[in-house]
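Pasted below: coords.pdb, PDB, C-alpha atoms (C1' of nucleotides).
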ATOM      1  CA  MET A   1      91.507 130.619  80.188
ATOM      2  CA  LYS A   2      92.103 127.716  82.506
ATOM      3  CA  VAL A   3      95.847 127.935  82.535
ATOM      4  CA  LYS A   4      97.149 128.288  86.053
ATOM      5  CA  GLY A   5     100.751 128.513  85.101
ATOM      6  CA  ALA A   6     102.341 125.120  85.272
ATOM      7  CA  SER A   7     100.716 121.971  83.943
ATOM      8  CA  CYS A   8     100.521 121.070  80.306
ATOM      9  CA  ILE A   9     100.456 117.987  78.164
ATOM     10  CA  SER A  10     103.604 118.899  76.336
ATOM     11  CA  CYS A  11     105.584 120.439  79.161
ATOM     12  CA  PRO A  12     109.061 119.029  79.564
ATOM     13  CA  MET A  13     108.214 117.008  82.655
ATOM     14  CA  ASP A  14     107.576 113.747  80.842
ATOM     15  CA  PRO A  15     111.045 113.030  79.465
ATOM     16  CA  VAL A  16     112.690 114.084  82.708
ATOM     17  CA  LEU A  17     110.405 111.847  84.737
ATOM     18  CA  LYS A  18     111.245 108.973  82.421
ATOM     19  CA  ALA A  19     114.913 109.573  83.054
ATOM     20  CA  VAL A  20     114.958 110.043  86.811
ATOM     21  CA  THR A  21     112.019 108.077  88.145
ATOM     22  CA  GLY A  22     111.490 104.389  87.694
ATOM     23  CA  ARG A  23     112.551 101.312  89.574
ATOM     24  CA  TRP A  24     115.878 101.881  91.382
ATOM     25  CA  THR A  25     116.750 104.990  89.404
ATOM     26  CA  THR A  26     115.716 107.513  92.011
ATOM     27  CA  THR A  27     117.291 105.465  94.786
ATOM     28  CA  ILE A  28     120.590 105.464  92.929
ATOM     29  CA  LEU A  29     120.394 109.207  92.397
ATOM     30  CA  TRP A  30     119.588 109.797  96.036
ATOM     31  CA  ASN A  31     122.560 107.746  97.162
ATOM     32  CA  LEU A  32     124.943 109.493  94.790
ATOM     33  CA  SER A  33     123.505 112.866  95.623
ATOM     34  CA  SER A  34     123.728 112.493  99.374
ATOM     35  CA  GLU A  35     126.895 110.419  99.656
ATOM     36  CA  GLY A  36     129.045 111.803  96.880
ATOM     37  CA  PRO A  37     131.052 109.589  94.509
ATOM     38  CA  LEU A  38     130.550 105.886  95.093
ATOM     39  CA  ARG A  39     132.129 102.810  93.620
ATOM     40  CA  PHE A  40     130.049 100.165  91.922
ATOM     41  CA  GLY A  41     130.422  97.799  94.837
ATOM     42  CA  ALA A  42     129.509 100.496  97.321
ATOM     43  CA  LEU A  43     126.281 101.182  95.460
ATOM     44  CA  MET A  44     125.513  97.480  95.512
ATOM     45  CA  GLY A  45     126.102  97.511  99.248
ATOM     46  CA  LEU A  46     123.715 100.403  99.759
ATOM     47  CA  MET A  47     121.006  98.621  97.775
ATOM     48  CA  PRO A  48     121.189  94.987  98.821
ATOM     49  CA  GLU A  49     118.223  93.956  96.690
ATOM     50  CA  ILE A  50     119.405  95.238  93.333
ATOM     51  CA  SER A  51     121.205  92.923  90.942
ATOM     52  CA  ALA A  52     124.430  93.833  89.190
ATOM     53  CA  LYS A  53     122.692  93.656  85.835
ATOM     54  CA  VAL A  54     120.015  96.156  86.748
ATOM     55  CA  LEU A  55     122.436  98.490  88.495
ATOM     56  CA  THR A  56     124.639  98.462  85.413
ATOM     57  CA  ASP A  57     121.644  99.182  83.201
ATOM     58  CA  ARG A  58     120.476 102.131  85.283
ATOM     59  CA  LEU A  59     123.946 103.634  85.578
ATOM     60  CA  LYS A  60     124.436 103.369  81.833
ATOM     61  CA  MET A  61     121.135 105.104  81.217
ATOM     62  CA  LEU A  62     121.920 107.855  83.682
ATOM     63  CA  GLU A  63     125.322 108.287  82.075
ATOM     64  CA  ARG A  64     123.801 108.483  78.585
ATOM     65  CA  ASN A  65     121.483 111.140  79.912
ATOM     66  CA  GLY A  66     124.354 113.221  81.246
ATOM     67  CA  ILE A  67     123.113 112.927  84.811
ATOM     68  CA  VAL A  68     125.799 110.650  86.220
ATOM     69  CA  LEU A  69     129.524 110.602  85.502
ATOM     70  CA  ARG A  70     131.474 107.347  85.343
ATOM     71  CA  THR A  71     135.169 107.419  86.155
ATOM     72  CA  GLN A  72     137.389 104.420  85.690
ATOM     73  CA  LYS A  73     140.915 104.056  86.990
ATOM     74  CA  PRO A  74     142.905 101.711  84.768
ATOM     75  CA  THR A  75     144.148  99.682  87.702
ATOM     76  CA  ILE A  76     143.822  95.954  88.173
ATOM     77  CA  PRO A  77     141.378  95.106  89.558
ATOM     78  CA  PRO A  78     139.492  98.062  88.103
ATOM     79  CA  GLU A  79     138.177 100.869  90.244
ATOM     80  CA  VAL A  80     135.088 102.524  88.870
ATOM     81  CA  SER A  81     133.201 105.262  90.603
ATOM     82  CA  TYR A  82     130.032 107.158  89.858
ATOM     83  CA  GLU A  83     128.962 110.631  90.796
ATOM     84  CA  MET A  84     126.409 113.227  89.814
ATOM     85  CA  THR A  85     127.426 115.442  86.910
ATOM     86  CA  GLU A  86     127.103 119.197  87.196
ATOM     87  CA  HIS A  87     123.758 118.961  85.422
ATOM     88  CA  GLY A  88     122.720 116.027  87.562
ATOM     89  CA  ARG A  89     123.253 118.093  90.656
ATOM     90  CA  ASP A  90     120.258 120.164  89.563
ATOM     91  CA  LEU A  91     118.244 117.338  91.090
ATOM     92  CA  HIS A  92     119.695 117.915  94.537
ATOM     93  CA  GLN A  93     116.867 120.093  95.812
ATOM     94  CA  ALA A  94     114.142 117.822  94.487
ATOM     95  CA  LEU A  95     115.792 114.792  96.067
ATOM     96  CA  ARG A  96     116.189 116.580  99.379
ATOM     97  CA  SER A  97     112.524 117.577  99.311
ATOM     98  CA  LEU A  98     111.564 113.978  98.678
ATOM     99  CA  HIS A  99     113.739 112.885 101.550
ATOM    100  CA  GLU A 100     112.050 115.346 103.843
ATOM    101  CA  VAL A 101     108.666 113.981 102.840
ATOM    102  CA  ALA A 102     109.943 110.487 103.522
ATOM    103  CA  LEU A 103     111.095 111.457 107.000
ATOM    104  CA  LYS A 104     107.816 113.204 107.759
ATOM    105  CA  TRP A 105     105.626 110.358 106.559
ATOM    106  CA  ASP A 106     107.744 107.853 108.414
ATOM    107  CA  ALA A 107     107.330 109.874 111.602
ATOM    108  CA  GLU A 108     103.592 109.968 110.996
ATOM    109  CA  GLY A 109     103.410 106.204 110.774
ATOM    110  CA  TRP A 110     102.803 106.006 107.057
ATOM    111  CA  LYS A 111     103.020 102.519 105.593
ATOM    112  CA  PRO A 112     103.003 101.555 101.924
ATOM    113  CA  GLY A 113      99.650 100.051 101.025
ATOM    114  CA  GLU A 114      97.997 101.196 104.225
ATOM    115  CA  GLY A 115      98.541 104.923 104.065
ATOM    116  CA  PHE A 116      98.500 106.906 107.261
ATOM    117  CA  PRO A 117      97.052 105.958 110.624
ATOM    118  CA  GLU A 118      94.053 108.075 111.624
ATOM    119  CA  ASP A 119      95.976 110.745 113.408
ATOM    120  CA  PRO A 120      99.586 111.697 112.828
ATOM    121  CA  LEU A 121     100.097 112.634 116.459
ATOM    122  CA  PRO A 122      98.598 110.177 118.944
ATOM    123  CA  ARG A 123      99.224 112.577 121.794
ATOM    124  CA  ALA A 124      97.078 115.625 122.246
ATOM    125  CA  ALA A 125      94.111 114.082 120.485
ATOM    126  CA  GLU A 126      91.918 116.923 119.431
TER
ATOM    127  CA  MET B   1     132.035 106.332 110.746
ATOM    128  CA  LYS B   2     131.271 107.439 107.267
ATOM    129  CA  VAL B   3     127.835 108.765 107.988
ATOM    130  CA  LYS B   4     127.398 112.196 106.504
ATOM    131  CA  GLY B   5     123.913 112.790 107.741
ATOM    132  CA  ALA B   6     121.428 111.630 105.197
ATOM    133  CA  SER B   7     121.827 108.401 103.274
ATOM    134  CA  CYS B   8     121.227 105.014 104.765
ATOM    135  CA  ILE B   9     120.108 101.598 103.627
ATOM    136  CA  SER B  10     117.105 101.556 105.881
ATOM    137  CA  CYS B  11     116.058 105.175 105.645
ATOM    138  CA  PRO B  12     112.419 105.686 104.787
ATOM    139  CA  MET B  13     113.105 106.758 101.208
ATOM    140  CA  ASP B  14     112.533 103.348  99.650
ATOM    141  CA  PRO B  15     108.843 102.865 100.422
ATOM    142  CA  VAL B  16     108.058 106.456  99.534
ATOM    143  CA  LEU B  17     109.876 106.158  96.220
ATOM    144  CA  LYS B  18     107.929 102.990  95.474
ATOM    145  CA  ALA B  19     104.705 104.875  96.105
ATOM    146  CA  VAL B  20     105.340 108.092  94.227
ATOM    147  CA  THR B  21     107.773 107.245  91.430
ATOM    148  CA  GLY B  22     107.174 104.756  88.690
ATOM    149  CA  ARG B  23     105.577 104.854  85.284
ATOM    150  CA  TRP B  24     102.803 107.458  85.148
ATOM    151  CA  THR B  25     102.595 107.837  88.912
ATOM    152  CA  THR B  26     104.651 110.981  89.173
ATOM    153  CA  THR B  27     102.961 112.465  86.130
ATOM    154  CA  ILE B  28      99.561 111.940  87.722
ATOM    155  CA  LEU B  29     100.736 113.528  90.955
ATOM    156  CA  TRP B  30     102.178 116.484  89.095
ATOM    157  CA  ASN B  31      98.938 117.067  87.258
ATOM    158  CA  LEU B  32      96.831 116.846  90.393
ATOM    159  CA  SER B  33      99.274 118.954  92.328
ATOM    160  CA  SER B  34      99.481 121.755  89.808
ATOM    161  CA  GLU B  35      95.916 121.707  88.467
ATOM    162  CA  GLY B  36      93.892 120.864  91.547
ATOM    163  CA  PRO B  37      91.033 118.368  91.517
ATOM    164  CA  LEU B  38      90.556 116.620  88.195
ATOM    165  CA  ARG B  39      87.976 114.213  86.894
ATOM    166  CA  PHE B  40      88.935 110.836  85.526
ATOM    167  CA  GLY B  41      88.316 111.922  81.979
ATOM    168  CA  ALA B  42      90.302 115.105  82.466
ATOM    169  CA  LEU B  43      93.284 113.106  83.650
ATOM    170  CA  MET B  44      92.973 110.888  80.607
ATOM    171  CA  GLY B  45      92.939 113.998  78.475
ATOM    172  CA  LEU B  46      96.105 115.349  80.073
ATOM    173  CA  MET B  47      97.907 112.047  79.479
ATOM    174  CA  PRO B  48      96.840 110.913  76.024
ATOM    175  CA  GLU B  49      99.068 107.841  76.060
ATOM    176  CA  ILE B  50      97.840 106.251  79.259
ATOM    177  CA  SER B  51      95.177 103.558  79.152
ATOM    178  CA  ALA B  52      92.133 103.554  81.416
ATOM    179  CA  LYS B  53      93.326 100.374  83.053
ATOM    180  CA  VAL B  54      96.683 101.772  84.062
ATOM    181  CA  LEU B  55      95.249 105.089  85.192
ATOM    182  CA  THR B  56      92.734 103.248  87.361
ATOM    183  CA  ASP B  57      95.506 101.097  88.817
ATOM    184  CA  ARG B  58      97.706 104.048  89.690
ATOM    185  CA  LEU B  59      94.867 106.056  91.198
ATOM    186  CA  LYS B  60      93.823 103.107  93.331
ATOM    187  CA  MET B  61      97.342 102.682  94.583
ATOM    188  CA  LEU B  62      97.703 106.356  95.374
ATOM    189  CA  GLU B  63      94.374 106.262  97.166
ATOM    190  CA  ARG B  64      95.385 103.204  99.197
ATOM    191  CA  ASN B  65      98.508 105.077 100.173
ATOM    192  CA  GLY B  66      96.557 108.073 101.402
ATOM    193  CA  ILE B  67      98.156 110.367  98.841
ATOM    194  CA  VAL B  68      95.165 110.966  96.592
ATOM    195  CA  LEU B  69      91.503 111.402  97.513
ATOM    196  CA  ARG B  70      88.714 110.021  95.337
ATOM    197  CA  THR B  71      85.339 111.727  95.453
ATOM    198  CA  GLN B  72      82.313 110.326  93.687
ATOM    199  CA  LYS B  73      79.064 112.159  93.156
ATOM    200  CA  PRO B  74      76.169 109.704  92.871
ATOM    201  CA  THR B  75      74.838 111.354  89.741
ATOM    202  CA  ILE B  76      74.074 109.675  86.471
ATOM    203  CA  PRO B  77      76.368 109.480  84.656
ATOM    204  CA  PRO B  78      78.768 109.414  87.613
ATOM    205  CA  GLU B  79      81.175 112.246  88.304
ATOM    206  CA  VAL B  80      84.407 111.161  89.957
ATOM    207  CA  SER B  81      87.226 113.495  90.785
ATOM    208  CA  TYR B  82      90.656 113.073  92.261
ATOM    209  CA  GLU B  83      92.787 115.432  94.269
ATOM    210  CA  MET B  84      95.806 115.380  96.543
ATOM    211  CA  THR B  85      95.063 114.615 100.167
ATOM    212  CA  GLU B  86      96.458 116.826 102.898
ATOM    213  CA  HIS B  87      99.324 114.382 103.304
ATOM    214  CA  GLY B  88      99.763 114.146  99.568
ATOM    215  CA  ARG B  89     100.287 117.864  99.396
ATOM    216  CA  ASP B  90     103.558 117.318 101.247
ATOM    217  CA  LEU B  91     104.890 116.380  97.829
ATOM    218  CA  HIS B  92     104.177 119.803  96.398
ATOM    219  CA  GLN B  93     107.640 121.211  96.933
ATOM    220  CA  ALA B  94     109.393 118.144  95.562
ATOM    221  CA  LEU B  95     107.198 118.185  92.463
ATOM    222  CA  ARG B  96     107.826 121.861  91.925
ATOM    223  CA  SER B  97     111.563 121.340  92.228
ATOM    224  CA  LEU B  98     111.343 118.575  89.680
ATOM    225  CA  HIS B  99     109.394 120.825  87.377
ATOM    226  CA  GLU B 100     112.042 123.509  87.674
ATOM    227  CA  VAL B 101     114.705 121.008  86.718
ATOM    228  CA  ALA B 102     112.595 119.969  83.749
ATOM    229  CA  LEU B 103     112.286 123.562  82.576
ATOM    230  CA  LYS B 104     116.007 124.187  83.016
ATOM    231  CA  TRP B 105     117.100 121.054  81.204
ATOM    232  CA  ASP B 106     114.654 121.732  78.425
ATOM    233  CA  ALA B 107     116.084 125.224  78.021
ATOM    234  CA  GLU B 108     119.573 123.745  77.931
ATOM    235  CA  GLY B 109     118.668 121.425  75.100
ATOM    236  CA  TRP B 110     118.643 118.228  77.094
ATOM    237  CA  LYS B 111     117.245 115.208  75.269
ATOM    238  CA  PRO B 112     116.486 111.796  76.716
ATOM    239  CA  GLY B 113     119.098 109.305  75.588
ATOM    240  CA  GLU B 114     121.430 111.994  74.328
ATOM    241  CA  GLY B 115     121.952 114.063  77.415
ATOM    242  CA  PHE B 116     123.045 117.646  77.059
ATOM    243  CA  PRO B 117     124.650 119.313  74.092
ATOM    244  CA  GLU B 118     128.272 120.239  74.724
ATOM    245  CA  ASP B 119     127.599 123.598  76.224
ATOM    246  CA  PRO B 120     124.392 124.889  77.709
ATOM    247  CA  LEU B 121     125.123 128.343  76.382
ATOM    248  CA  PRO B 122     126.184 128.338  72.721
ATOM    249  CA  ARG B 123     127.365 131.911  73.043
ATOM    250  CA  ALA B 124     130.690 132.678  74.647
ATOM    251  CA  ALA B 125     132.279 129.435  73.526
ATOM    252  CA  GLU B 126     135.399 128.963  75.601
TER
ATOM    253  C1'  DG C   1      64.282 100.029  71.004
ATOM    254  C1'  DT C   2      68.707 101.412  71.296
ATOM    255  C1'  DA C   3      72.836 104.218  71.350
ATOM    256  C1'  DA C   4      75.481 107.352  74.171
ATOM    257  C1'  DC C   5      77.371 109.012  78.436
ATOM    258  C1'  DC C   6      81.054 108.290  82.473
ATOM    259  C1'  DG C   7      84.046 105.743  85.044
ATOM    260  C1'  DG C   8      85.288 102.112  85.393
ATOM    261  C1'  DT C   9      86.130  96.212  85.446
ATOM    262  C1'  DT C  10      87.488  91.936  83.441
ATOM    263  C1'  DA C  11      89.849  88.529  80.579
ATOM    264  C1'  DC C  12      93.362  87.496  77.642
ATOM    265  C1'  DC C  13      97.750  87.869  75.484
ATOM    266  C1'  DA C  14     102.225  89.898  74.101
ATOM    267  C1'  DA C  15     106.048  92.358  75.543
ATOM    268  C1'  DA C  16     109.211  94.018  78.669
ATOM    269  C1'  DA C  17     111.630  93.915  82.953
ATOM    270  C1'  DT C  18     113.933  91.348  86.359
ATOM    271  C1'  DG C  19     116.668  87.795  88.984
ATOM    272  C1'  DA C  20     120.057  84.237  89.567
ATOM    273  C1'  DA C  21     123.973  82.305  88.175
ATOM    274  C1'  DA C  22     127.895  81.660  85.564
ATOM    275  C1'  DG C  23     131.504  83.607  82.747
ATOM    276  C1'  DT C  24     135.294  87.242  81.654
ATOM    277  C1'  DA C  25     139.497  90.015  82.105
ATOM    278  C1'  DA C  26     144.229  90.719  83.948
ATOM    279  C1'  DA C  27     147.334  90.855  87.447
ATOM    280  C1'  DA C  28     148.831  90.000  92.180
ATOM    281  C1'  DG C  29     149.479  86.855  96.140
ATOM    282  C1'  DG C  30     149.801  82.168  98.123
TER
ATOM    283  C1'  DC D   1     149.017  76.611  89.505
ATOM    284  C1'  DC D   2     145.197  78.211  91.707
ATOM    285  C1'  DT D   3     142.582  81.654  94.002
ATOM    286  C1'  DT D   4     141.189  86.322  94.793
ATOM    287  C1'  DT D   5     139.760  90.877  93.420
ATOM    288  C1'  DT D   6     136.398  94.334  90.790
ATOM    289  C1'  DA D   7     133.212  95.440  87.591
ATOM    290  C1'  DC D   8     130.883  94.009  84.719
ATOM    291  C1'  DT D   9     128.401  90.790  80.537
ATOM    292  C1'  DT D  10     125.771  87.023  79.029
ATOM    293  C1'  DT D  11     122.328  83.570  79.234
ATOM    294  C1'  DC D  12     118.152  81.746  80.602
ATOM    295  C1'  DA D  13     113.842  81.431  83.015
ATOM    296  C1'  DT D  14     110.526  83.783  85.458
ATOM    297  C1'  DT D  15     107.817  87.615  86.961
ATOM    298  C1'  DT D  16     105.633  91.773  86.083
ATOM    299  C1'  DT D  17     103.557  94.900  83.239
ATOM    300  C1'  DG D  18     100.899  96.825  79.516
ATOM    301  C1'  DG D  19      97.666  97.014  75.727
ATOM    302  C1'  DT D  20      93.263  95.737  73.569
ATOM    303  C1'  DA D  21      88.805  95.002  73.519
ATOM    304  C1'  DA D  22      84.576  93.778  75.449
ATOM    305  C1'  DC D  23      81.443  94.501  79.077
ATOM    306  C1'  DC D  24      78.868  97.021  83.102
ATOM    307  C1'  DG D  25      74.993 100.121  85.157
ATOM    308  C1'  DG D  26      71.402 103.576  84.990
ATOM    309  C1'  DT D  27      69.353 107.294  82.802
ATOM    310  C1'  DT D  28      68.503 110.319  79.003
ATOM    311  C1'  DA D  29      68.222 111.522  74.062
ATOM    312  C1'  DC D  30      66.921 109.897  69.649
TER
END

Re-express the file's structure as structure tokens.
Amino acid sequence: MKVKGASCISCPMDPVLKAVTGRWTTTILWNLSSEGPLRFGALMGLMPEISAKVLTDRLKMLERNGIVLRTQKPTIPPEVSYEMTEHGRDLHQALRSLHEVALKWDAEGWKPGEGFPEDPLPRAAE
Amino acid sequence: MKVKGASCISCPMDPVLKAVTGRWTTTILWNLSSEGPLRFGALMGLMPEISAKVLTDRLKMLERNGIVLRTQKPTIPPEVSYEMTEHGRDLHQALRSLHEVALKWDAEGWKPGEGFPEDPLPRAAE
DNA sequence: GTAACCGGTTACCAAAATGAAAGTAAAAGG
DNA sequence: CCTTTTACTTTCATTTTGGTAACCGGTTAC
């Protein structure tokens, strides 16, 4: 009688959240989703604070989950690139929505740990 | 010269992702977003595997970030409830998109660690 | 007198995640 | 022969995180 239509303990959100949220994971997905295929080194360049070990771990997990596709050219030195799979691209809209929120909050002066300043728009104080 | 319009090292995604993704955080936000205000005990009930300590931690962080609002009635025993702030509600669309992905992947047989079965639609094998 | 209620807090400890650095492969260029 | 390149892998030490369990306050029910 309280069901509003969406939330539930056993709804399939949990496993998906485990797969796509978490340290670095969403950042990687956002980069791949907005930039297209990227080589390992390019991803490292976009995320200067990640270590090769962790990036490798996350990419492997995303690949196991069928969200990211790894393509290796058998050249020397090797050229490996990563991109969203067809399934992975389902996340495009969610990632774009998150990005929009990020832009909005940034414009409103939001800061991690401090939240928002009193008023989003200093001009035209009501 | 390669800018396509969205991704960038210093774009405001990183701090927002730190605030809204992470273990349990997104689940809490999804519950509050889809169910409306919830008491501490109700949140515990919706997430049977979380501990009180971790739930408290996450709620405090979300409150510090201006995403969640904590309301305490000075009754005995106390009644505390949590809800999305006005700013926090900016996440509604992103959370709904994520939920849609979760429903779709679930319908396609996606499993964490195993990805998708060969074909989303067993019928009409090509 | 004392246990229960709710929404926590605190201390302690084990487990997991992370970071830095070095190593690996195999060929091409000096 | 030695270095450079890319994309890792491995090792080790450190940091972070999580779980458990006990405790808290103030009032009511037993």

Please tell me which residues are no farther than 9 Å from (104.1, 96.3, 82.8) in the file, counting only C-alpha atoms (C1' of nucleotides), and write them as a VMD selection string.
(chain C and resid 15 to 17) or (chain D and resid 16 to 18)

So that I have them on file, write out the residues from the current selection with C-alpha atoms (C1' of nucleotides), as a compact mmCIF listing (two decimals), in the frame of the given file.
# COMPACT_ATOMS: atom_id res chain seq x y z
C1' DA C 15 106.05 92.36 75.54
C1' DA C 16 109.21 94.02 78.67
C1' DA C 17 111.63 93.92 82.95
C1' DT D 16 105.63 91.77 86.08
C1' DT D 17 103.56 94.90 83.24
C1' DG D 18 100.90 96.82 79.52

Sort by chain and increasing residue number a table of all residues of chain D within 10 Å of chain B, each with its closest pair of atoms and their distance in Å to one decimal, counting all atoms listed in the file, and write it as a Markdown table.
| residue | atom | partner | partner_atom | distance |
| --- | --- | --- | --- | --- |
| D:DT17 | C1' | B:Val54 | CA | 9.8 |
| D:DG18 | C1' | B:Val54 | CA | 7.9 |
| D:DG19 | C1' | B:Ser51 | CA | 7.8 |
| D:DT20 | C1' | B:Ser51 | CA | 9.8 |
| D:DG25 | C1' | B:Pro77 | CA | 9.5 |
| D:DG26 | C1' | B:Ile76 | CA | 6.8 |
| D:DT27 | C1' | B:Ile76 | CA | 6.4 |
| D:DT28 | C1' | B:Ile76 | CA | 9.3 |

Mind dumping the selected residues with C-alpha atoms (C1' of nucleotides) as a PDB file, keeping the file's coordinate frame?
ATOM      1  C1'  DT D  17     103.557  94.900  83.239  1.00  0.00           C
ATOM      2  C1'  DG D  18     100.899  96.825  79.516  1.00  0.00           C
ATOM      3  C1'  DG D  19      97.666  97.014  75.727  1.00  0.00           C
ATOM      4  C1'  DT D  20      93.263  95.737  73.569  1.00  0.00           C
ATOM      5  C1'  DG D  25      74.993 100.121  85.157  1.00  0.00           C
ATOM      6  C1'  DG D  26      71.402 103.576  84.990  1.00  0.00           C
ATOM      7  C1'  DT D  27      69.353 107.294  82.802  1.00  0.00           C
ATOM      8  C1'  DT D  28      68.503 110.319  79.003  1.00  0.00           C
TER       9       DT D  28
END

Answer key for the PyMOL selection byres ((chain A and resi 90) around 10), residues as a list in words
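Answer for the PyMOL selection byres ((chain A and resi 90) around 10): Ile67, Met84, Thr85, Glu86, His87, Gly88, Arg89, Leu91, His92, Gln93, Ala94 and Leu95 of chain A; Ser97, Leu98, Glu100, Val101, Ala102, Lys104 and Trp105 of chain B.
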
Evaluate the PyMOL selection byres ((chain C) within 10 of (chain B)) here and jot the selected residues down as a ChimeraX atom specification.
/C:5-9

For Val68 of chain B: contacts at 12 Å, all atoms listed in the file, fewer than 6 positions along chain excluded, given as a VMD selection string:
(chain A and resid 115 to 116) or (chain B and resid 19 to 20 25 28 to 33 36 to 38 58 to 62 81 to 91)

What does the distance between atom CA of His99 of chain B and atom CA of Ala42 of chain B come to in Å, to one decimal place?
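The value is 20.5 Å.
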
Of the candidates C:DG23, C:DC13, C:DT18, C:DG30, which shows the shortest atom-to-atom distance to Leu55 of chain A, using all atoms listed in the file?
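Using all atoms listed in the file, the shortest distance to Leu55 of chain A belongs to C:DT18.
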
For atom CA of Pro112 of chain A and atom CA of Pro15 of chain B, determine how far apart the two atoms are, in Å to one decimal place.
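These atoms are spaced 6.2 Å apart.
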
Go through B:Leu43, B:Glu114, B:Glu49, B:Gly109 and flag the residue nearest chain A, using all atoms listed in the file for the distances.
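Nearest candidate to chain A out of B:Leu43, B:Glu114, B:Glu49, B:Gly109: B:Glu114.
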
Between atom CA of Pro12 of chain B and atom CA of Leu17 of chain A lies a distance of 21.1 Å

I'd like to know which of A:Gly113, A:Pro74, A:Met44, A:Ala107 is closest to chain B, using only C-alpha atoms.
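Ranked by minimum distance to chain B, first place goes to A:Gly113.
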
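Of the listed residues A:Gly45, A:Asn65, A:Trp110, A:Thr27, the one whose atoms come nearest to chain B is A:Asn65, with distances taken using all atoms listed in the file.
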
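The residues returned by the PyMOL selection byres ((chain D and resi 3) around 12) on the shown structure are DA28, DG29 and DG30 of chain C; DC1, DC2, DT4 and DT5 of chain D.
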
Those selected residues, please, written with C-alpha atoms (C1' of nucleotides) and delivered as an mmCIF file, in the coordinates of the input.
data_model
loop_
_atom_site.group_PDB
_atom_site.id
_atom_site.type_symbol
_atom_site.label_atom_id
_atom_site.label_comp_id
_atom_site.auth_asym_id
_atom_site.auth_seq_id
_atom_site.Cartn_x
_atom_site.Cartn_y
_atom_site.Cartn_z
ATOM 1 C "C1'" DA C 28 148.831 90.000 92.180
ATOM 2 C "C1'" DG C 29 149.479 86.855 96.140
ATOM 3 C "C1'" DG C 30 149.801 82.168 98.123
ATOM 4 C "C1'" DC D 1 149.017 76.611 89.505
ATOM 5 C "C1'" DC D 2 145.197 78.211 91.707
ATOM 6 C "C1'" DT D 4 141.189 86.322 94.793
ATOM 7 C "C1'" DT D 5 139.760 90.877 93.420
#

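Shortest separation to chain A among B:Asp57, B:Glu35, B:Glu108, B:Thr71 occurs at residue B:Glu35, atoms counted being all atoms listed in the file.
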
Just checking: using all atoms listed in the file, which residue out of A:Cys11, A:Arg96, A:Gly22, A:Glu118 ends up closest to chain B?
A:Gly22

Where is the centre and how long are the edges: axis-aligned box on segment 15-30 of chain D, 4 Å on each side, Å to one decimal, as JSON:
{"center_x": 87.4, "center_y": 99.6, "center_z": 78.3, "size_x": 48.9, "size_y": 31.9, "size_z": 25.3}

If I only have part of segment 26-38 of chain B, can you fill in N, CA and C atoms and write it as a short mmCIF file (atom, residue, chain, number, x, y, z; two decimals), in the frame of the given file?
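result-v3.cif written:
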data_model
loop_
_atom_site.label_atom_id
_atom_site.label_comp_id
_atom_site.auth_asym_id
_atom_site.auth_seq_id
_atom_site.Cartn_x
_atom_site.Cartn_y
_atom_site.Cartn_z
N THR B 26 104.21 109.62 88.88
CA THR B 26 104.65 110.98 89.17
C THR B 26 103.96 111.99 88.26
N THR B 27 103.68 111.58 87.04
CA THR B 27 102.96 112.46 86.13
C THR B 27 101.57 112.77 86.66
N ILE B 28 100.89 111.74 87.14
CA ILE B 28 99.56 111.94 87.72
C ILE B 28 99.64 112.91 88.91
N LEU B 29 100.60 112.67 89.78
CA LEU B 29 100.74 113.53 90.96
C LEU B 29 101.03 114.97 90.55
N TRP B 30 101.86 115.13 89.55
CA TRP B 30 102.18 116.48 89.10
C TRP B 30 100.94 117.19 88.55
N ASN B 31 100.16 116.47 87.78
CA ASN B 31 98.94 117.07 87.26
C ASN B 31 97.97 117.45 88.37
N LEU B 32 97.75 116.54 89.30
CA LEU B 32 96.83 116.85 90.39
C LEU B 32 97.37 117.96 91.27
N SER B 33 98.67 117.96 91.45
CA SER B 33 99.27 118.95 92.33
C SER B 33 99.22 120.35 91.72
N SER B 34 99.41 120.43 90.42
CA SER B 34 99.48 121.76 89.81
C SER B 34 98.13 122.24 89.30
N GLU B 35 97.21 121.32 89.04
CA GLU B 35 95.92 121.71 88.47
C GLU B 35 94.78 121.68 89.48
N GLY B 36 95.00 121.04 90.60
CA GLY B 36 93.89 120.86 91.55
C GLY B 36 93.05 119.66 91.15
N PRO B 37 91.88 119.53 91.76
CA PRO B 37 91.03 118.37 91.52
C PRO B 37 90.74 118.18 90.03
N LEU B 38 90.81 116.94 89.59
CA LEU B 38 90.56 116.62 88.20
C LEU B 38 89.68 115.38 88.11
#
